[in-house]
Structure formats: structure tokens, C-alpha cells
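Trainee: Next up, model36.csv (CSV, C-alpha atoms).
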```
chain,number,residue,atom,x,y,z
A,1,MET,CA,0.0,0.0,0.0
A,2,LEU,CA,0.9,3.7,-0.3
A,3,HIS,CA,1.3,6.0,2.6
A,4,ILE,CA,1.4,9.8,2.1
A,5,VAL,CA,2.9,12.2,4.5
A,6,ASN,CA,2.4,16.0,4.0
A,7,LYS,CA,3.5,17.4,7.3
A,8,SER,CA,6.9,18.6,8.4
A,9,PRO,CA,8.5,16.0,10.7
A,10,LEU,CA,9.7,18.7,13.1
A,11,GLU,CA,6.2,20.2,13.5
A,12,ARG,CA,4.0,17.1,13.5
A,13,ASN,CA,4.3,13.4,14.3
A,14,ALA,CA,2.8,12.3,10.9
A,15,LEU,CA,6.0,10.8,9.7
A,16,ASP,CA,6.7,8.9,12.9
A,17,SER,CA,3.2,7.5,13.0
A,18,CYS,CA,3.4,6.5,9.4
A,19,LEU,CA,6.7,4.7,9.9
A,20,ALA,CA,5.4,2.9,13.0
A,21,ALA,CA,2.4,1.6,11.1
A,22,ALA,CA,3.8,0.9,7.6
A,23,GLN,CA,4.4,-2.7,6.8
A,24,GLN,CA,7.5,-4.2,5.1
A,25,GLY,CA,7.6,-3.4,1.4
A,26,ALA,CA,5.0,-0.5,1.6
A,27,ALA,CA,5.6,2.8,-0.2
A,28,VAL,CA,5.8,6.1,1.5
A,29,LEU,CA,5.4,9.4,-0.5
A,30,LEU,CA,6.5,12.6,1.0
A,31,ILE,CA,4.7,15.7,-0.3
A,32,GLU,CA,4.2,19.4,0.7
A,33,ASP,CA,6.0,20.1,4.0
A,34,GLY,CA,6.6,16.3,4.3
A,35,VAL,CA,9.4,16.7,1.8
A,36,TYR,CA,11.7,18.2,4.4
A,37,ALA,CA,12.2,14.8,5.9
A,38,ALA,CA,14.0,13.7,2.8
A,39,THR,CA,16.7,16.4,2.9
A,40,ARG,CA,20.3,15.9,3.8
A,41,GLY,CA,21.3,16.9,7.3
A,42,HIS,CA,17.8,16.9,8.6
A,43,ALA,CA,17.2,15.6,12.1
A,44,ALA,CA,14.9,12.9,10.6
A,45,GLU,CA,17.6,11.6,8.2
A,46,GLY,CA,18.6,8.8,10.5
A,47,LYS,CA,15.2,7.3,10.9
A,48,LEU,CA,14.5,7.8,7.2
A,49,GLN,CA,17.7,5.9,6.2
A,50,ALA,CA,16.7,3.2,8.6
A,51,ALA,CA,13.2,3.0,7.1
A,52,LEU,CA,14.7,2.7,3.6
A,53,SER,CA,15.8,-0.8,4.4
A,54,ARG,CA,12.2,-2.0,4.5
A,55,LEU,CA,10.2,0.7,2.7
A,56,GLU,CA,10.3,2.4,-0.6
A,57,ILE,CA,10.4,6.2,0.0
A,58,TYR,CA,9.4,8.7,-2.7
A,59,VAL,CA,9.4,12.5,-2.6
A,60,LEU,CA,7.4,14.9,-4.8
A,61,THR,CA,10.0,17.0,-6.7
A,62,PRO,CA,7.9,20.1,-7.3
A,63,ASP,CA,7.4,20.4,-3.6
A,64,LEU,CA,11.1,20.0,-3.0
A,65,GLU,CA,11.9,22.6,-5.7
A,66,ALA,CA,9.4,25.1,-4.4
A,67,ARG,CA,11.1,25.0,-1.0
A,68,GLY,CA,14.6,25.4,-2.4
A,69,MET,CA,15.6,21.9,-1.4
A,70,ALA,CA,16.0,20.2,-4.8
A,71,GLN,CA,19.8,20.1,-4.3
A,72,SER,CA,19.5,18.5,-0.8
A,73,LEU,CA,17.6,15.3,-1.6
A,74,ALA,CA,18.7,12.6,0.8
A,75,GLU,CA,20.3,9.4,-0.6
A,76,GLY,CA,18.0,6.5,-1.4
A,77,VAL,CA,14.8,8.5,-1.7
A,78,LYS,CA,13.3,8.4,-5.2
A,79,PRO,CA,12.1,11.7,-6.7
A,80,VAL,CA,8.8,11.7,-8.6
A,81,ASP,CA,6.9,14.3,-10.6
A,82,TYR,CA,3.1,14.7,-10.6
A,83,ALA,CA,2.7,11.9,-13.2
A,84,GLY,CA,4.8,9.7,-10.9
A,85,PHE,CA,2.5,10.6,-8.0
A,86,VAL,CA,-0.5,9.4,-10.0
A,87,GLU,CA,1.3,6.2,-11.0
A,88,LEU,CA,2.1,5.4,-7.4
A,89,VAL,CA,-1.6,5.9,-6.5
A,90,VAL,CA,-2.7,3.7,-9.4
A,91,LYS,CA,-0.2,1.0,-8.7
A,92,HIS,CA,-1.1,0.5,-5.0
A,93,LYS,CA,-4.2,-1.2,-3.7
A,94,ASN,CA,-5.0,1.5,-1.2
A,95,CYS,CA,-3.6,4.7,0.3
A,96,GLN,CA,-3.5,6.3,3.7
A,97,SER,CA,-2.9,10.0,4.1
A,98,TRP,CA,-1.2,10.9,7.4
A,99,LEU,CA,-2.8,14.3,7.7
B,1,MET,CA,-39.9,30.9,8.7
B,2,PRO,CA,-41.0,31.2,12.4
B,3,ILE,CA,-44.1,29.3,13.5
B,4,GLU,CA,-46.7,30.7,15.9
B,5,VAL,CA,-47.8,28.6,18.8
B,6,ASN,CA,-50.0,29.9,21.7
B,7,GLY,CA,-49.2,33.4,20.7
B,8,LYS,CA,-45.4,32.9,20.8
B,9,SER,CA,-43.1,32.7,17.8
B,10,TYR,CA,-40.5,30.0,17.3
B,11,GLU,CA,-37.7,30.1,14.8
B,12,THR,CA,-37.5,27.3,12.2
B,13,ASP,CA,-35.0,26.7,9.4
B,14,GLU,CA,-35.7,26.9,5.7
B,15,GLU,CA,-37.0,23.3,5.7
B,16,GLY,CA,-39.2,23.9,8.7
B,17,TYR,CA,-37.1,22.2,11.4
B,18,LEU,CA,-37.2,23.9,14.8
B,19,VAL,CA,-33.9,25.8,15.3
B,20,ASN,CA,-33.7,25.5,19.1
B,21,LEU,CA,-34.7,22.0,20.3
B,22,ALA,CA,-34.8,23.1,23.9
B,23,GLU,CA,-37.9,25.2,23.1
B,24,TRP,CA,-39.9,22.2,22.1
B,25,ASP,CA,-43.1,21.1,23.8
B,26,GLU,CA,-46.1,19.1,22.8
B,27,ASP,CA,-48.0,22.1,21.4
B,28,ILE,CA,-45.1,23.0,19.2
B,29,GLY,CA,-45.0,19.3,18.1
B,30,LYS,CA,-48.7,19.5,17.2
B,31,ALA,CA,-48.2,22.7,15.2
B,32,LEU,CA,-45.2,21.2,13.4
B,33,ALA,CA,-47.4,18.1,12.7
B,34,GLU,CA,-50.1,20.3,11.2
B,35,GLY,CA,-47.6,21.7,8.8
B,36,GLU,CA,-47.0,18.1,7.7
B,37,ASN,CA,-50.7,17.4,7.4
B,38,ILE,CA,-50.4,14.8,10.2
B,39,GLU,CA,-53.0,14.4,12.9
B,40,MET,CA,-51.2,13.2,16.0
B,41,THR,CA,-52.4,9.9,17.6
B,42,PRO,CA,-50.9,8.1,20.6
B,43,GLN,CA,-49.0,5.9,18.0
B,44,HIS,CA,-47.5,9.0,16.5
B,45,TRP,CA,-46.5,10.4,19.9
B,46,GLU,CA,-44.9,7.0,20.7
B,47,VAL,CA,-42.5,7.4,17.8
B,48,VAL,CA,-41.9,11.1,18.4
B,49,ASN,CA,-41.1,10.5,22.0
B,50,PHE,CA,-38.9,7.6,21.1
B,51,LEU,CA,-36.9,9.9,18.8
B,52,ARG,CA,-36.5,12.5,21.5
B,53,ASP,CA,-35.2,9.9,23.9
B,54,TYR,CA,-32.8,8.6,21.3
B,55,TYR,CA,-31.6,12.1,20.6
B,56,ASN,CA,-31.1,12.9,24.3
B,57,GLU,CA,-29.1,9.7,24.8
B,58,PHE,CA,-26.9,9.8,21.6
B,59,GLN,CA,-27.1,13.4,20.4
B,60,ILE,CA,-28.2,12.3,16.9
B,61,ALA,CA,-31.5,11.5,15.1
B,62,PRO,CA,-31.1,7.9,13.9
B,63,ALA,CA,-31.1,6.9,10.3
B,64,VAL,CA,-34.4,5.2,9.2
B,65,ARG,CA,-32.8,1.7,9.3
B,66,VAL,CA,-31.6,2.3,12.8
B,67,LEU,CA,-34.9,3.8,13.9
B,68,THR,CA,-36.8,0.8,12.6
B,69,LYS,CA,-34.5,-1.6,14.3
B,70,SER,CA,-34.4,0.2,17.6
B,71,ILE,CA,-38.2,0.7,17.7
B,72,GLY,CA,-38.6,-3.0,17.1
B,73,LYS,CA,-36.4,-3.7,20.0
B,74,LYS,CA,-38.2,-1.3,22.3
B,75,LEU,CA,-41.8,-1.4,21.2
B,76,GLY,CA,-42.1,-4.8,19.5
B,77,PRO,CA,-41.7,-6.1,16.0
B,78,GLU,CA,-45.2,-5.1,14.8
B,79,LYS,CA,-44.0,-1.5,15.2
B,80,GLY,CA,-40.4,-2.0,14.2
B,81,ASN,CA,-41.0,-2.1,10.5
B,82,SER,CA,-41.0,0.5,7.8
B,83,GLN,CA,-44.6,-0.2,6.7
B,84,TYR,CA,-45.9,0.7,10.1
B,85,LEU,CA,-43.7,3.8,10.3
B,86,TYR,CA,-44.5,5.0,6.8
B,87,GLU,CA,-48.2,4.6,7.5
B,88,LEU,CA,-47.8,7.0,10.4
B,89,PHE,CA,-45.4,9.3,8.6
B,90,PRO,CA,-46.0,9.0,4.8
B,91,TYR,CA,-43.1,11.3,3.8
B,92,GLY,CA,-40.5,9.4,5.7
B,93,PRO,CA,-40.5,8.5,9.4
B,94,ALA,CA,-37.1,9.9,10.1
B,95,LYS,CA,-37.7,13.2,8.3
B,96,GLN,CA,-41.2,13.9,9.4
B,97,ALA,CA,-41.1,12.5,12.9
B,98,CYS,CA,-37.8,14.3,13.6
B,99,LYS,CA,-39.3,17.5,12.5
B,100,ILE,CA,-42.4,17.1,14.7
B,101,ALA,CA,-40.0,16.0,17.6
B,102,GLY,CA,-38.2,19.3,17.2
B,103,LEU,CA,-34.9,17.6,16.2
B,104,PRO,CA,-32.5,18.5,13.5
B,105,LYS,CA,-32.8,16.7,10.2
B,106,PRO,CA,-31.2,13.2,10.6
B,107,THR,CA,-27.6,12.9,9.6
B,108,GLY,CA,-27.5,11.2,6.2
B,109,CYS,CA,-31.1,12.0,5.4
B,110,ILE,CA,-30.9,13.1,1.8
C,1,MET,CA,-20.4,1.1,-5.0
C,2,SER,CA,-22.3,-1.5,-6.8
C,3,GLU,CA,-24.9,-3.7,-5.0
C,4,GLY,CA,-23.8,-6.8,-3.2
C,5,GLN,CA,-20.1,-5.9,-3.3
C,6,VAL,CA,-19.0,-5.4,0.3
C,7,LYS,CA,-15.8,-3.3,0.6
C,8,LYS,CA,-13.6,-3.0,3.6
C,9,ILE,CA,-13.5,0.6,4.7
C,10,MET,CA,-11.4,2.0,7.5
C,11,TYR,CA,-11.7,5.4,9.0
C,12,VAL,CA,-8.4,6.6,10.5
C,13,ASN,CA,-8.8,9.2,13.2
C,14,ARG,CA,-5.7,11.0,14.4
C,15,LYS,CA,-6.9,14.3,15.7
C,16,ALA,CA,-8.0,15.5,19.2
C,17,PRO,CA,-11.8,16.2,19.3
C,18,TYR,CA,-12.5,19.9,19.7
C,19,GLY,CA,-9.4,21.8,18.5
C,20,THR,CA,-10.3,21.0,14.9
C,21,ILE,CA,-13.4,19.8,13.1
C,22,TYR,CA,-11.8,16.5,11.9
C,23,ALA,CA,-13.3,14.3,14.6
C,24,LEU,CA,-16.8,15.4,14.2
C,25,GLU,CA,-16.6,15.4,10.4
C,26,SER,CA,-15.3,11.8,10.5
C,27,LEU,CA,-18.1,10.7,12.8
C,28,GLU,CA,-20.7,12.3,10.5
C,29,VAL,CA,-19.2,10.6,7.4
C,30,VAL,CA,-19.2,7.3,9.3
C,31,LEU,CA,-22.9,7.6,10.1
C,32,ILE,CA,-23.9,8.7,6.7
C,33,ALA,CA,-21.9,6.0,4.9
C,34,ALA,CA,-23.3,3.3,7.3
C,35,ALA,CA,-26.3,3.3,5.0
C,36,PHE,CA,-24.2,1.5,2.4
C,37,ASP,CA,-23.7,-1.7,4.5
C,38,GLN,CA,-20.0,-2.0,4.0
C,39,ASP,CA,-17.4,-3.7,6.2
C,40,VAL,CA,-16.5,-0.7,8.3
C,41,SER,CA,-13.8,-0.2,11.0
C,42,LEU,CA,-12.6,2.8,12.9
C,43,ALA,CA,-9.0,3.3,13.9
C,44,PHE,CA,-8.0,5.8,16.6
C,45,MET,CA,-4.3,6.7,16.5
C,46,ASP,CA,-2.1,9.5,18.0
C,47,ASP,CA,-4.3,12.3,19.4
C,48,GLY,CA,-7.3,10.6,17.9
C,49,VAL,CA,-7.5,8.4,21.0
C,50,TYR,CA,-8.6,11.6,22.9
C,51,GLN,CA,-11.9,11.4,20.9
C,52,LEU,CA,-12.9,8.4,23.0
C,53,LYS,CA,-11.6,9.7,26.4
C,54,LYS,CA,-14.6,9.3,28.7
C,55,GLY,CA,-16.3,12.3,30.3
C,56,HIS,CA,-16.3,15.1,27.7
C,57,GLN,CA,-18.1,18.2,29.1
C,58,THR,CA,-18.4,20.8,26.5
C,59,LYS,CA,-20.9,23.2,28.0
C,60,GLY,CA,-18.1,25.7,28.9
C,61,ILE,CA,-16.8,25.9,25.4
C,62,GLU,CA,-20.3,26.1,23.9
C,63,VAL,CA,-19.7,23.4,21.4
C,64,LYS,CA,-21.9,20.3,20.9
C,65,ASN,CA,-20.6,17.3,22.8
C,66,PHE,CA,-20.6,14.5,20.2
C,67,GLN,CA,-19.1,11.8,22.5
C,68,PRO,CA,-22.5,10.2,23.2
C,69,THR,CA,-22.9,9.5,19.5
C,70,TYR,CA,-20.0,7.0,19.6
C,71,ARG,CA,-22.3,4.9,21.7
C,72,ALA,CA,-24.8,4.8,18.9
C,73,LEU,CA,-22.3,3.3,16.5
C,74,ASP,CA,-23.3,-0.2,17.6
C,75,ASP,CA,-26.9,0.5,16.5
C,76,TYR,CA,-25.4,1.2,13.1
C,77,ASP,CA,-23.6,-2.2,13.1
C,78,ILE,CA,-20.3,-0.5,13.5
C,79,ASN,CA,-18.4,-2.3,16.2
C,80,LYS,CA,-14.8,-2.7,15.0
C,81,LEU,CA,-13.1,0.1,16.9
C,82,TYR,CA,-9.3,-0.1,17.1
C,83,VAL,CA,-7.2,2.0,19.4
C,84,GLU,CA,-3.5,2.4,19.2
C,85,LYS,CA,-1.7,1.1,22.3
C,86,GLU,CA,1.3,3.4,22.0
C,87,ALA,CA,-0.9,6.4,21.6
C,88,LEU,CA,-2.8,5.5,24.8
C,89,GLU,CA,0.4,5.0,26.7
C,90,ALA,CA,2.0,8.2,25.6
C,91,ARG,CA,-1.0,10.1,26.9
C,92,GLY,CA,-1.3,8.4,30.2
C,93,LEU,CA,-4.5,6.6,29.2
C,94,SER,CA,-5.7,3.1,29.2
C,95,GLU,CA,-8.5,1.0,27.7
C,96,GLU,CA,-10.6,1.8,30.8
C,97,ASP,CA,-10.6,5.5,29.8
C,98,MET,CA,-12.4,4.7,26.6
C,99,CYS,CA,-16.2,5.6,26.4
C,100,VAL,CA,-17.1,2.6,24.3
C,101,PRO,CA,-15.7,-1.0,23.9
C,102,VAL,CA,-12.6,-1.0,21.8
C,103,GLU,CA,-9.8,-3.3,20.8
C,104,VAL,CA,-6.4,-2.0,21.8
C,105,MET,CA,-3.5,-2.9,19.4
C,106,SER,CA,-0.1,-1.7,18.4
C,107,ALA,CA,0.5,0.8,15.6
C,108,ALA,CA,2.1,-2.0,13.6
C,109,GLU,CA,-1.0,-4.2,14.0
C,110,ILE,CA,-3.2,-1.3,12.9
C,111,GLY,CA,-0.9,-0.9,10.0
C,112,LYS,CA,-1.4,-4.5,9.1
C,113,LEU,CA,-5.1,-4.0,9.1
C,114,MET,CA,-4.7,-1.0,6.8
C,115,GLU,CA,-3.1,-3.2,4.2
C,116,GLU,CA,-6.3,-5.3,4.1
C,117,GLN,CA,-8.6,-2.4,3.4
C,118,ASP,CA,-10.2,-1.5,0.0
C,119,VAL,CA,-10.6,2.1,1.1
C,120,LEU,CA,-8.9,4.2,3.8
C,121,LEU,CA,-10.5,7.5,4.8
C,122,SER,CA,-8.1,9.7,6.7
C,123,PHE,CA,-9.0,12.3,9.3
```
Rewrite the structure from the file as C-alpha cells, please.

Mentor:
Amino acid sequence: MLHIVNKSPLERNALDSCLAAAQQGAAVLLIEDGVYAATRGHAAEGKLQAALSRLEIYVLTPDLEARGMAQSLAEGVKPVDYAGFVELVVKHKNCQSWL
Amino acid sequence: MPIEVNGKSYETDEEGYLVNLAEWDEDIGKALAEGENIEMTPQHWEVVNFLRDYYNEFQIAPAVRVLTKSIGKKLGPEKGNSQYLYELFPYGPAKQACKIAGLPKPTGCI
Amino acid sequence: MSEGQVKKIMYVNRKAPYGTIYALESLEVVLIAAAFDQDVSLAFMDDGVYQLKKGHQTKGIEVKNFQPTYRALDDYDINKLYVEKEALEARGLSEEDMCVPVEVMSAAEIGKLMEEQDVLLSF
């Protein structure tokens, strides 16, 4: 399944809650303020790298670019555009948004 | 449109539901029933009072399906069926009986 | 939704009750959608567990207390209520603080149930 996180990990617990519930092999897409989690040097980098061993993690590029973070994408996180976003939604059986 | 009962005026919404359910009394119920062309009998009051009790306990007016089932449990199967309830309230038991009971329109009632 | 096709639908509630409208909106959608006779479950995670904390008294804030309505869910044949164990613990709460019968389980267990759903509605 696909999990979507749109909140900054330093403001809200959405990412933590998502990572606690997500099952092995699930996909996580970071959008809006959620993209900050996927930037180098961020406090969340450690847990994100740990999560990469069991989850596929994607980030929405336009949201990263809008925030001036396009050059800081953390390793192992896969960038997608809006078409890629749609593909992810179509590909997975269901989707949970961690609002 | 406000309704007049015993010389006092009570506010209703655009569909005729009483705005402040705390104002409700039996005379207001009768006046609301008149607007629905329903003459209240003890059987009508039984359903209306059931709805008011349900609302007091759960803070919602039940959906028709739930109303039917709950009435069946409390008042017996001969009353807990939609035929009986529609005979009393031809335009929908939830909708009409709720209006007469002074309750808001039931959630999910389209 | 076509007739006779029962879908598994989970409502995921993660917000405290009165600070935002999420909790009430979720409850209203649950009640409305109950007419469709689907396989419904409710998950309460994070601050969402506060929605079920017994004893809401809302007179002072002049907002409708919708807690009694959770007790009507059983009339609507909705009786799968899952509450996140870690969320309760982090808030000094336990199963006894809940206003309706619930099943307490870990976030990972709720995550597993999420995988089985046809539809997840997030609040």
C-alpha cells in the first residue's frame, strides 16, 4: 500500500506515526511540508535511512523545488513528478494519508 | 420561517425544522405536525417520544434503518418495520417524525 | 459502490476532538456511509484516542458534545473500533478510559489491518 505524508516532521508526528504503522515493502510518498524529511542533514535523516531498508520512499520533486531543497535530496529517496505521483496511487491497492 | 404557537413565535430553518430544540413542547409538536398534514395519535407520539429519547441519549437523530430496528427492540416487531412507520409518517418517518419532535434533520437523510 | 459488493473501509482518526473539526466530520461521514452496509472499521491513533476519552463536558466551550454519538455506532452495526496502544500509553490513558468498547492494538498491528482495506478515509 501507499502512505502519504504531507507534514513537516519537526512540526508534527505524521512521519513517525506513518513509519510505525507501515508494513514491510510498503511505499511512502512525501509531499508538501513532508518533503523536508527527505533532505540531507535533517534531524529525521537517521530514521528515514533506517526505514529505507524495509520501505520504498518517494518525494514529490515540485514540492522539494518550491522549498529550495532540490539540491539537498537525501540518498536512497526516489524523486517523482506529478505523473509519478499518479502512477504510485494507481499502482497500489490503497492509500493512507497521514494528515 | 417562524411558527406561531400559543401566541409565541418560534424560529425554524428553511426546511421547517425547529432551530432550538430546547424550546420544544407538545403544542409545538402539534403545530409542526399540522404543517406536515399529520394528525397526531398516541401511536405518532410514541414514535416522536422515542426519537426525542434517542436524541437525548446519543445526540443524533437515527437513520431510518436504525430507527426501525431500535423501535422494534423497544416497542415490538409489529411497530419496528417500515410499513408501520410509513403509515404514520408517509413522507419518511425519520424526516417527518424528527421535524415534529423538534430535532434537526437526521444525519445522512438526503 | 455496486450492490452486493462489500468493501472494507477503515476510517483513520488521528486528531483530538475539539481543536479542529476533523473528529466530528469523521463521525458524521461514518454515520452517513453506514447506510451502504459496508465492512466498516474505525482506527484511533495519535491524538485521535482523545476522541474516546470518557467524560467530555463541552458546556463551557459552547460546542456540541458528540461523544454520546460514539455509543450509537453499535446501532449502526459498526463495532470494530481499534485504538493504538502506543498512543494511549504516551497520553497516560488506558482501555478503561475509553467511552465505548474498543480493541487496543499496536500501531504496527493497525498498519497490518490498513493493508487489508479497500478504502482508507483519513481524518

Trainee: Output as number ranges by chain the set of chain C residues within 6 Å of chain B, with distances taken over only C-alpha atoms.

Mentor: C: 32, 68-69

Trainee: Excluding region 9-22 of chain C and any residue of its chain fewer than 5 positions from it, enumerate the residues within 7 Å of it, using only C-alpha atoms, and give them as a PDB file with C-alpha atoms, in the frame of the given file.

Mentor:
```pdb
ATOM      1  CA  ASP C  39     -17.400  -3.700   6.200  1.00  0.00           C
ATOM      2  CA  VAL C  40     -16.500  -0.700   8.300  1.00  0.00           C
ATOM      3  CA  SER C  41     -13.800  -0.200  11.000  1.00  0.00           C
ATOM      4  CA  LEU C  42     -12.600   2.800  12.900  1.00  0.00           C
ATOM      5  CA  ALA C  43      -9.000   3.300  13.900  1.00  0.00           C
ATOM      6  CA  PHE C  44      -8.000   5.800  16.600  1.00  0.00           C
ATOM      7  CA  MET C  45      -4.300   6.700  16.500  1.00  0.00           C
ATOM      8  CA  ASP C  46      -2.100   9.500  18.000  1.00  0.00           C
ATOM      9  CA  ASP C  47      -4.300  12.300  19.400  1.00  0.00           C
ATOM     10  CA  GLY C  48      -7.300  10.600  17.900  1.00  0.00           C
ATOM     11  CA  TYR C  50      -8.600  11.600  22.900  1.00  0.00           C
ATOM     12  CA  GLN C  51     -11.900  11.400  20.900  1.00  0.00           C
ATOM     13  CA  GLN C 117      -8.600  -2.400   3.400  1.00  0.00           C
ATOM     14  CA  ASP C 118     -10.200  -1.500   0.000  1.00  0.00           C
ATOM     15  CA  VAL C 119     -10.600   2.100   1.100  1.00  0.00           C
ATOM     16  CA  LEU C 120      -8.900   4.200   3.800  1.00  0.00           C
ATOM     17  CA  LEU C 121     -10.500   7.500   4.800  1.00  0.00           C
ATOM     18  CA  SER C 122      -8.100   9.700   6.700  1.00  0.00           C
ATOM     19  CA  PHE C 123      -9.000  12.300   9.300  1.00  0.00           C
TER      20      PHE C 123
END
```

Trainee: Could you produce a table of the residues of chain A lying within 9 Å of chain C, with the nearest pair of atoms per residue and their separation in Å rounded to one decimal, using all atoms listed in the file, ordered by chain and increasing residue number, as JSON lines?

Mentor:
```
{"residue": "A:Met1", "atom": "CA", "partner": "C:Glu115", "partner_atom": "CA", "distance": 6.1}
{"residue": "A:Asn13", "atom": "CA", "partner": "C:Asp46", "partner_atom": "CA", "distance": 8.4}
{"residue": "A:Ser17", "atom": "CA", "partner": "C:Asp46", "partner_atom": "CA", "distance": 7.6}
{"residue": "A:Cys18", "atom": "CA", "partner": "C:Gly111", "partner_atom": "CA", "distance": 8.6}
{"residue": "A:Leu19", "atom": "CA", "partner": "C:Ala108", "partner_atom": "CA", "distance": 8.9}
{"residue": "A:Ala20", "atom": "CA", "partner": "C:Ala107", "partner_atom": "CA", "distance": 5.9}
{"residue": "A:Ala21", "atom": "CA", "partner": "C:Gly111", "partner_atom": "CA", "distance": 4.3}
{"residue": "A:Ala22", "atom": "CA", "partner": "C:Gly111", "partner_atom": "CA", "distance": 5.6}
{"residue": "A:Gln23", "atom": "CA", "partner": "C:Gly111", "partner_atom": "CA", "distance": 6.4}
{"residue": "A:Ala26", "atom": "CA", "partner": "C:Glu115", "partner_atom": "CA", "distance": 8.9}
{"residue": "A:Lys93", "atom": "CA", "partner": "C:Asp118", "partner_atom": "CA", "distance": 7.1}
{"residue": "A:Asn94", "atom": "CA", "partner": "C:Val119", "partner_atom": "CA", "distance": 6.1}
{"residue": "A:Cys95", "atom": "CA", "partner": "C:Leu120", "partner_atom": "CA", "distance": 6.4}
{"residue": "A:Gln96", "atom": "CA", "partner": "C:Leu120", "partner_atom": "CA", "distance": 5.8}
{"residue": "A:Ser97", "atom": "CA", "partner": "C:Ser122", "partner_atom": "CA", "distance": 5.8}
{"residue": "A:Trp98", "atom": "CA", "partner": "C:Ser122", "partner_atom": "CA", "distance": 7.0}
{"residue": "A:Leu99", "atom": "CA", "partner": "C:Phe123", "partner_atom": "CA", "distance": 6.7}
```

Trainee: How many Å separate CA of Asp33 (chain A) from CA of Tyr82 (chain A)?

Mentor: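 A separation of 15.8 Å between them.
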
Trainee: Quick one: residues within 9 Å of region 16-28 of chain B, only C-alpha atoms, excluding same-chain residues fewer than 6 positions away - as a VMD selection string?

Mentor: chain B and resid 1 to 6 10 35 98 to 105

Trainee: Give me the residues near Ile4 (chain A) as a list of chain:residue names, where near means some atom within 10 Å (using all atoms listed in the file) and where sequence neighbours in that chain fewer than 2 positions away do not count.

Mentor: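 Counting all atoms listed in the file, the residues come to A:Leu2, A:Asn6, A:Lys7, A:Ala14, A:Leu15, A:Cys18, A:Ala27, A:Val28, A:Leu29, A:Leu30, A:Ile31, A:Gly34, A:Ile57, A:Tyr58, A:Val59, A:Val89, A:Cys95, A:Gln96, A:Ser97, A:Trp98, A:Leu99.
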
Trainee: Tell me which residues come within 10 Å of (-20.5, -3.6, 13.7), as a count of residues only, counting all atoms listed in the file in the file's coordinates.

Mentor: 15

Trainee: Suppose you want the space between CA of Ser94 (chain C) and CA of Asn65 (chain C); what is it in Å?

Mentor: 21.6 Å

Trainee: Write out as a PyMOL selection string the residues lying within 10 Å of Gly41 (chain A), counting only C-alpha atoms and excluding same-chain residues fewer than 4 positions away.

Mentor: chain A and resi 37+45-46+72-74

Trainee: Taking into account only C-alpha atoms, which residue in the set C:Leu93, C:Leu88, C:Tyr70, C:Lys53 is nearest to Val30 (chain C)?

Mentor: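 Ranked by minimum distance to Val30 (chain C), first place goes to C:Tyr70.
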
Trainee: Have a look at CA of Glu56 (chain A) and CA of Val90 (chain A) and let me know their distance in Å, one decimal.

Mentor: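 Spanning CA of Glu56 (chain A) to CA of Val90 (chain A) is a straight-line distance of 15.8 Å.
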
Trainee: Tell me which of A:Arg67, A:His3, A:Arg12, A:Lys78 sits closest to His92 (chain A), counting only C-alpha atoms.

Mentor: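 Using only C-alpha atoms, His92 (chain A) sits closest to A:His3.
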